[in-house]
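**Student:** Pasting in a structure now, in structure tokens, and then I'll have a few things to ask.
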Amino acid sequence: MKVTKEITKIEKSAVKLTATISKEDVAEGYKANIAKYAKNIQLPGFRKGHVPVSVLERKYGESLKAEVVGDLIDQSLNEIFKADDAKDIRPLPYSQPRLEGDKLPEFDTTKDLTYTVIYDVFPKVEVKNFSGIVIKEPQVKIGDEEINEELKALQERNAAVLDKKDGEAVAKDDIVTINYKELDENGTVAGSEREGFVFTVGSGENIYKIDDEIIGMKKDETKEITKTYAADDADKDLAGKTKKISVTVTAVKVRNLPELDDDFAQDVSEKFKTLDDLKNDIASSLEVAKNRKLAELKSQSLLSQLVEKNPFELPVSMVQAENENRWRMLAQQFQTTVEQLDKMIASTNQSKEDMIKQMTGDSEKMLKSRIIVDELIREKNISVTPEEIEDAYKKIAEENKISVEEVKEHYKNPKTKEYLIDDTKENKLYEELYKQVKIEKGEKTTFADLFKAQM
């Protein structure tokens, strides 16, 4: 097929492709299609395969022409996109070329056939500007406070939970079960009733934040609580309002914490002989977690600044596909269907896009960062050797306190191993890029605050 093409770049990494098919190919395509129909169609009064072309044209002329045009367009596009020089103009998998004006071009077997399609292509990215990039690395020291926090968490996980004696009052850190409902002048507020709600007093993990108000209550006691919330309360549904809540305590339990001694350490794991062994292990694990988080924040800061200094537009279809994928993942997390999640968001004042951003982060920023990383890996021809993968296995084993054989077993699946290879490539890329930018000591921060940080 003889086809000429003209490419025009338009905004948001889309292109307009105008193709012209020679009149000889148009005529040949029409002739082949007519012959196919004439061979297979059966009409009253004619034997199968013996319907005259003139009859077919008179009965099916317009639909035949439309089909021929569609076939010619599909065939010519396939030829254009398969060509060796078509790498930069091929459509994205989720961006089907659409006819400009959504209308088939006029068909005439005596003329060339010209049509125009619009579609998205992979964005062209040039990462050249590294000027002025400064990465501030938070300064975090792990000490007794952090180790003791982890010990406390272990202590609570290993605690025995016992019922309090009848008549004993609710106190801070008790585990209580309550039934509650919101009241107004008409009685119970519809939809506010909840039975068997369990939480730890003092944690604030209850909708009305009534921890202080139920301290002193006893099992089977019912109390009406009236509480006024600050105008700047973080919960917009409570801010500036006064609520009346009926609460019944149905169970009160207390954690019986084990002593922090050598026996406790041995109960946590047989690999520990003393409490000091356990503390040293905790310190080591916290150090690994800290370094991982610092590496994550450094790369986030670098990529965020590279995105800002090397701007490019993303195709609309790419962003839509990413958001749809995130929406499906959210549905899985909520253990529901996409359709139910659509209905749920429709009943709120929040948009689908806002919820995706709130729950999963900025889609466009993530996509741009990913594209920049892939482009730089290709540009710098970064690869990994078998020896480097062996080193990666050893590092993972050391950080997770398992054997190298266990790590290799985890990565024996070729697809899973490919993730490790890609991750190793990225780490090599970052090490190269950090030499091109300025890294400074950031502010001192606590281990807990480090994990709240976003660069």
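Labeling convention for the structure tokens: chains A, B, ... as they appear, residues from 1 per chain, ligands from 1 in order of appearance.
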Excluding stretch 332-342 of chain A and any residue of its chain fewer than 3 positions from it, enumerate the residues within 12 Å of it, using only C-alpha atoms, and give them as a list in words.
**Tutor:**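 My list of contacting residues is Glu324, Asn325, Arg326, Trp327, Arg328, Met329, Ile345, Ala346, Ser347, Thr348, Gln350, Ser351, Lys352, Glu353, Met355, Ile356, Met359 and Thr360 of chain A.
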**Student:** How would the residues just chosen look if you wrote them out with C-alpha atoms as a PDB file, in the first residue's frame?
**Tutor:**
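The resulting file, result.pdb, is shown below:
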ATOM      1  CA  GLU A 324      -8.308   4.247  36.869  1.00  0.00           C
ATOM      2  CA  ASN A 325      -5.676   1.761  38.015  1.00  0.00           C
ATOM      3  CA  ARG A 326      -5.398   3.526  41.376  1.00  0.00           C
ATOM      4  CA  TRP A 327      -9.193   3.549  41.668  1.00  0.00           C
ATOM      5  CA  ARG A 328      -9.285  -0.229  41.166  1.00  0.00           C
ATOM      6  CA  MET A 329      -6.570  -0.643  43.810  1.00  0.00           C
ATOM      7  CA  ILE A 345     -17.902   8.782  46.278  1.00  0.00           C
ATOM      8  CA  ALA A 346     -21.019  10.062  44.493  1.00  0.00           C
ATOM      9  CA  SER A 347     -22.781  10.320  47.867  1.00  0.00           C
ATOM     10  CA  THR A 348     -20.085  12.635  49.275  1.00  0.00           C
ATOM     11  CA  GLN A 350     -15.471  14.777  47.417  1.00  0.00           C
ATOM     12  CA  SER A 351     -14.515  14.233  43.787  1.00  0.00           C
ATOM     13  CA  LYS A 352     -13.055  10.981  42.533  1.00  0.00           C
ATOM     14  CA  GLU A 353      -9.821  12.785  41.584  1.00  0.00           C
ATOM     15  CA  MET A 355      -9.978  11.024  46.773  1.00  0.00           C
ATOM     16  CA  ILE A 356      -7.367   9.360  44.554  1.00  0.00           C
ATOM     17  CA  MET A 359      -5.352   8.272  49.320  1.00  0.00           C
ATOM     18  CA  THR A 360      -2.573   7.513  46.820  1.00  0.00           C
TER      19      THR A 360
END
**Student:** Just list as a PyMOL selection string whatever in stretch 125-302 of chain A DSSP marks as helix (DSSP H, G or I).
**Tutor:** chain A and resi 144-157+211-214+262-268+275-302
**Student:** For the residues in that selection, give me C-alpha atoms as a PDB file, in the first residue's frame.
**Tutor:**
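Below you can see again.pdb, which holds the result:
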ATOM      1  CA  ASP A 144      17.159   5.127  74.233  1.00  0.00           C
ATOM      2  CA  GLU A 145      13.850   6.938  73.694  1.00  0.00           C
ATOM      3  CA  GLU A 146      13.245   5.296  70.310  1.00  0.00           C
ATOM      4  CA  ILE A 147      14.354   1.879  71.551  1.00  0.00           C
ATOM      5  CA  ASN A 148      12.093   2.165  74.594  1.00  0.00           C
ATOM      6  CA  GLU A 149       9.134   3.090  72.373  1.00  0.00           C
ATOM      7  CA  GLU A 150       9.637  -0.101  70.397  1.00  0.00           C
ATOM      8  CA  LEU A 151      10.027  -2.071  73.613  1.00  0.00           C
ATOM      9  CA  LYS A 152       6.768  -0.610  74.862  1.00  0.00           C
ATOM     10  CA  ALA A 153       5.009  -1.625  71.655  1.00  0.00           C
ATOM     11  CA  LEU A 154       6.394  -5.164  71.997  1.00  0.00           C
ATOM     12  CA  GLN A 155       5.334  -5.211  75.632  1.00  0.00           C
ATOM     13  CA  GLU A 156       1.773  -4.236  74.706  1.00  0.00           C
ATOM     14  CA  ARG A 157       1.608  -6.828  71.913  1.00  0.00           C
ATOM     15  CA  ASP A 211     -12.025   9.265  76.076  1.00  0.00           C
ATOM     16  CA  ASP A 212     -11.951  11.670  79.035  1.00  0.00           C
ATOM     17  CA  GLU A 213     -15.718  11.614  79.412  1.00  0.00           C
ATOM     18  CA  ILE A 214     -15.980   7.845  79.941  1.00  0.00           C
ATOM     19  CA  ASP A 262      15.555 -11.389  80.081  1.00  0.00           C
ATOM     20  CA  ASP A 263      12.554 -13.726  80.227  1.00  0.00           C
ATOM     21  CA  PHE A 264      10.543 -11.251  78.180  1.00  0.00           C
ATOM     22  CA  ALA A 265      13.296 -11.065  75.549  1.00  0.00           C
ATOM     23  CA  GLN A 266      13.353 -14.868  75.316  1.00  0.00           C
ATOM     24  CA  ASP A 267       9.560 -14.918  74.911  1.00  0.00           C
ATOM     25  CA  VAL A 268       9.828 -12.487  71.993  1.00  0.00           C
ATOM     26  CA  LEU A 275      17.054  -7.971  77.277  1.00  0.00           C
ATOM     27  CA  ASP A 276      20.182  -6.264  75.972  1.00  0.00           C
ATOM     28  CA  ASP A 277      20.183  -8.661  73.002  1.00  0.00           C
ATOM     29  CA  LEU A 278      16.636  -7.571  72.217  1.00  0.00           C
ATOM     30  CA  LYS A 279      17.514  -3.884  72.574  1.00  0.00           C
ATOM     31  CA  ASN A 280      20.495  -4.250  70.245  1.00  0.00           C
ATOM     32  CA  ASP A 281      18.276  -5.962  67.681  1.00  0.00           C
ATOM     33  CA  ILE A 282      15.708  -3.174  67.943  1.00  0.00           C
ATOM     34  CA  ALA A 283      18.427  -0.540  67.495  1.00  0.00           C
ATOM     35  CA  SER A 284      19.681  -2.348  64.389  1.00  0.00           C
ATOM     36  CA  SER A 285      16.178  -2.593  62.900  1.00  0.00           C
ATOM     37  CA  LEU A 286      15.456   1.077  63.593  1.00  0.00           C
ATOM     38  CA  GLU A 287      18.723   2.039  61.906  1.00  0.00           C
ATOM     39  CA  VAL A 288      17.752   0.069  58.793  1.00  0.00           C
ATOM     40  CA  ALA A 289      14.298   1.671  58.753  1.00  0.00           C
ATOM     41  CA  LYS A 290      15.837   5.124  59.185  1.00  0.00           C
ATOM     42  CA  ASN A 291      18.260   4.650  56.303  1.00  0.00           C
ATOM     43  CA  ARG A 292      15.501   3.353  54.039  1.00  0.00           C
ATOM     44  CA  LYS A 293      13.337   6.361  54.821  1.00  0.00           C
ATOM     45  CA  LEU A 294      16.207   8.810  54.299  1.00  0.00           C
ATOM     46  CA  ALA A 295      16.982   7.197  50.933  1.00  0.00           C
ATOM     47  CA  GLU A 296      13.296   7.477  49.973  1.00  0.00           C
ATOM     48  CA  LEU A 297      13.126  11.136  50.977  1.00  0.00           C
ATOM     49  CA  LYS A 298      16.363  11.949  49.116  1.00  0.00           C
ATOM     50  CA  SER A 299      15.113  10.374  45.892  1.00  0.00           C
ATOM     51  CA  GLN A 300      11.712  12.064  46.276  1.00  0.00           C
ATOM     52  CA  SER A 301      13.374  15.440  46.719  1.00  0.00           C
ATOM     53  CA  LEU A 302      15.674  14.901  43.739  1.00  0.00           C
TER      54      LEU A 302
END
**Student:** Could you check how far atom CA of A:Arg255 sits from atom CA of A:Asn206, in Å to one decimal?
**Tutor:**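 So the two atoms, atom CA of A:Arg255 and atom CA of A:Asn206, lie 19.1 Å apart.
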**Student:** Set the distance at 12 Å and use only C-alpha atoms: which residues neighbour A:Val134 once local chain neighbours fewer than 5 positions away are removed? I'd like the list as a list in words.
**Tutor:**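 Surrounding residues, per the criterion: Lys298, Ser299, Ser301, Leu302, Leu303, Ser304, Gln305, Leu306, Leu433, Tyr434, Lys435, Gln436, Val437, Lys438, Ile439, Glu440, Lys441, Gly442 and Met455 of chain A.
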**Student:** Write out as JSON, numbers by chain all residues of stretch 5-124 of chain A that backbone DSSP assigns to strand (DSSP E or B).
**Tutor:** {"A": [5, 6, 7, 8, 9, 10, 14, 15, 16, 17, 18, 19, 20, 21, 91, 98, 99, 113, 114, 115, 116, 117, 118, 119, 120, 121]}
**Student:** Export N, CA and C atoms of the chosen residues as a short mmCIF file (atom, residue, chain, number, x, y, z; two decimals), in the first residue's frame?
**Tutor:**
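The result, written out as again_15.cif:
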data_model
loop_
_atom_site.label_atom_id
_atom_site.label_comp_id
_atom_site.auth_asym_id
_atom_site.auth_seq_id
_atom_site.Cartn_x
_atom_site.Cartn_y
_atom_site.Cartn_z
N LYS A 5 2.47 10.31 4.83
CA LYS A 5 1.97 10.77 6.13
C LYS A 5 2.58 12.12 6.49
N GLU A 6 1.84 12.84 7.34
CA GLU A 6 2.31 14.11 7.89
C GLU A 6 1.94 14.15 9.36
N ILE A 7 2.93 14.44 10.21
CA ILE A 7 2.73 14.44 11.66
C ILE A 7 2.78 15.87 12.19
N THR A 8 1.78 16.23 12.97
CA THR A 8 1.77 17.53 13.64
C THR A 8 1.64 17.31 15.13
N LYS A 9 2.58 17.82 15.92
CA LYS A 9 2.50 17.69 17.37
C LYS A 9 1.54 18.72 17.92
N ILE A 10 0.68 18.28 18.84
CA ILE A 10 -0.24 19.19 19.52
C ILE A 10 -0.03 19.07 21.02
N ALA A 14 0.12 14.88 22.45
CA ALA A 14 -0.75 14.26 21.44
C ALA A 14 -0.23 14.65 20.06
N VAL A 15 -0.59 13.86 19.05
CA VAL A 15 -0.20 14.18 17.68
C VAL A 15 -1.41 14.09 16.76
N LYS A 16 -1.29 14.80 15.66
CA LYS A 16 -2.29 14.73 14.60
C LYS A 16 -1.59 14.11 13.39
N LEU A 17 -2.05 12.94 12.98
CA LEU A 17 -1.45 12.23 11.84
C LEU A 17 -2.40 12.31 10.66
N THR A 18 -1.91 12.92 9.58
CA THR A 18 -2.69 12.98 8.35
C THR A 18 -2.04 12.05 7.34
N ALA A 19 -2.81 11.06 6.89
CA ALA A 19 -2.30 10.06 5.95
C ALA A 19 -3.09 10.11 4.65
N THR A 20 -2.40 9.85 3.55
CA THR A 20 -3.03 9.80 2.23
C THR A 20 -2.73 8.46 1.58
N ILE A 21 -3.79 7.76 1.19
CA ILE A 21 -3.68 6.47 0.52
C ILE A 21 -3.91 6.70 -0.98
N PRO A 91 1.00 5.17 18.92
CA PRO A 91 0.06 5.55 19.99
C PRO A 91 0.31 4.76 21.26
N ARG A 98 -8.27 8.36 16.96
CA ARG A 98 -9.66 8.69 16.63
C ARG A 98 -9.68 9.66 15.46
N LEU A 99 -10.64 9.48 14.59
CA LEU A 99 -10.75 10.34 13.41
C LEU A 99 -11.07 11.77 13.81
N LEU A 113 -7.33 8.80 -0.93
CA LEU A 113 -8.11 8.88 0.31
C LEU A 113 -7.25 9.51 1.39
N THR A 114 -7.68 10.65 1.90
CA THR A 114 -6.94 11.35 2.95
C THR A 114 -7.77 11.39 4.23
N TYR A 115 -7.15 11.06 5.32
CA TYR A 115 -7.83 11.10 6.62
C TYR A 115 -6.86 11.62 7.67
N THR A 116 -7.42 12.08 8.80
CA THR A 116 -6.60 12.59 9.91
C THR A 116 -7.06 11.94 11.21
N VAL A 117 -6.11 11.40 11.96
CA VAL A 117 -6.42 10.84 13.28
C VAL A 117 -5.61 11.57 14.35
N ILE A 118 -6.16 11.58 15.55
CA ILE A 118 -5.51 12.23 16.69
C ILE A 118 -5.35 11.18 17.79
N TYR A 119 -4.20 11.17 18.43
CA TYR A 119 -3.96 10.20 19.50
C TYR A 119 -2.78 10.67 20.35
N ASP A 120 -2.61 10.01 21.50
CA ASP A 120 -1.53 10.36 22.42
C ASP A 120 -0.30 9.49 22.15
N VAL A 121 0.86 10.12 22.30
CA VAL A 121 2.13 9.40 22.18
C VAL A 121 2.91 9.55 23.48
#
**Student:** Excluding A:Glu11 and residues on its chain fewer than 6 positions from it, collect all residues at most 10 Å away from it, counting only C-alpha atoms, and give them as a ChimeraX atom specification.
**Tutor:** /A:120,313-316
**Student:** Excluding A:Asn256 and its own-chain neighbours fewer than 4 positions away, which residues fall within 9 Å of it when counting only C-alpha atoms? Please give them as a list in words.
**Tutor:**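 Residues near the query, excluding close chain neighbours: Glu156, Ala159, Ala160, Val161 and Leu162 of chain A.
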**Student:** Quick one: residues within 10 Å of A:Phe197, only C-alpha atoms, excluding same-chain residues fewer than 4 positions away - as a PyMOL selection string?
**Tutor:** chain A and resi 176-180+206+249-250
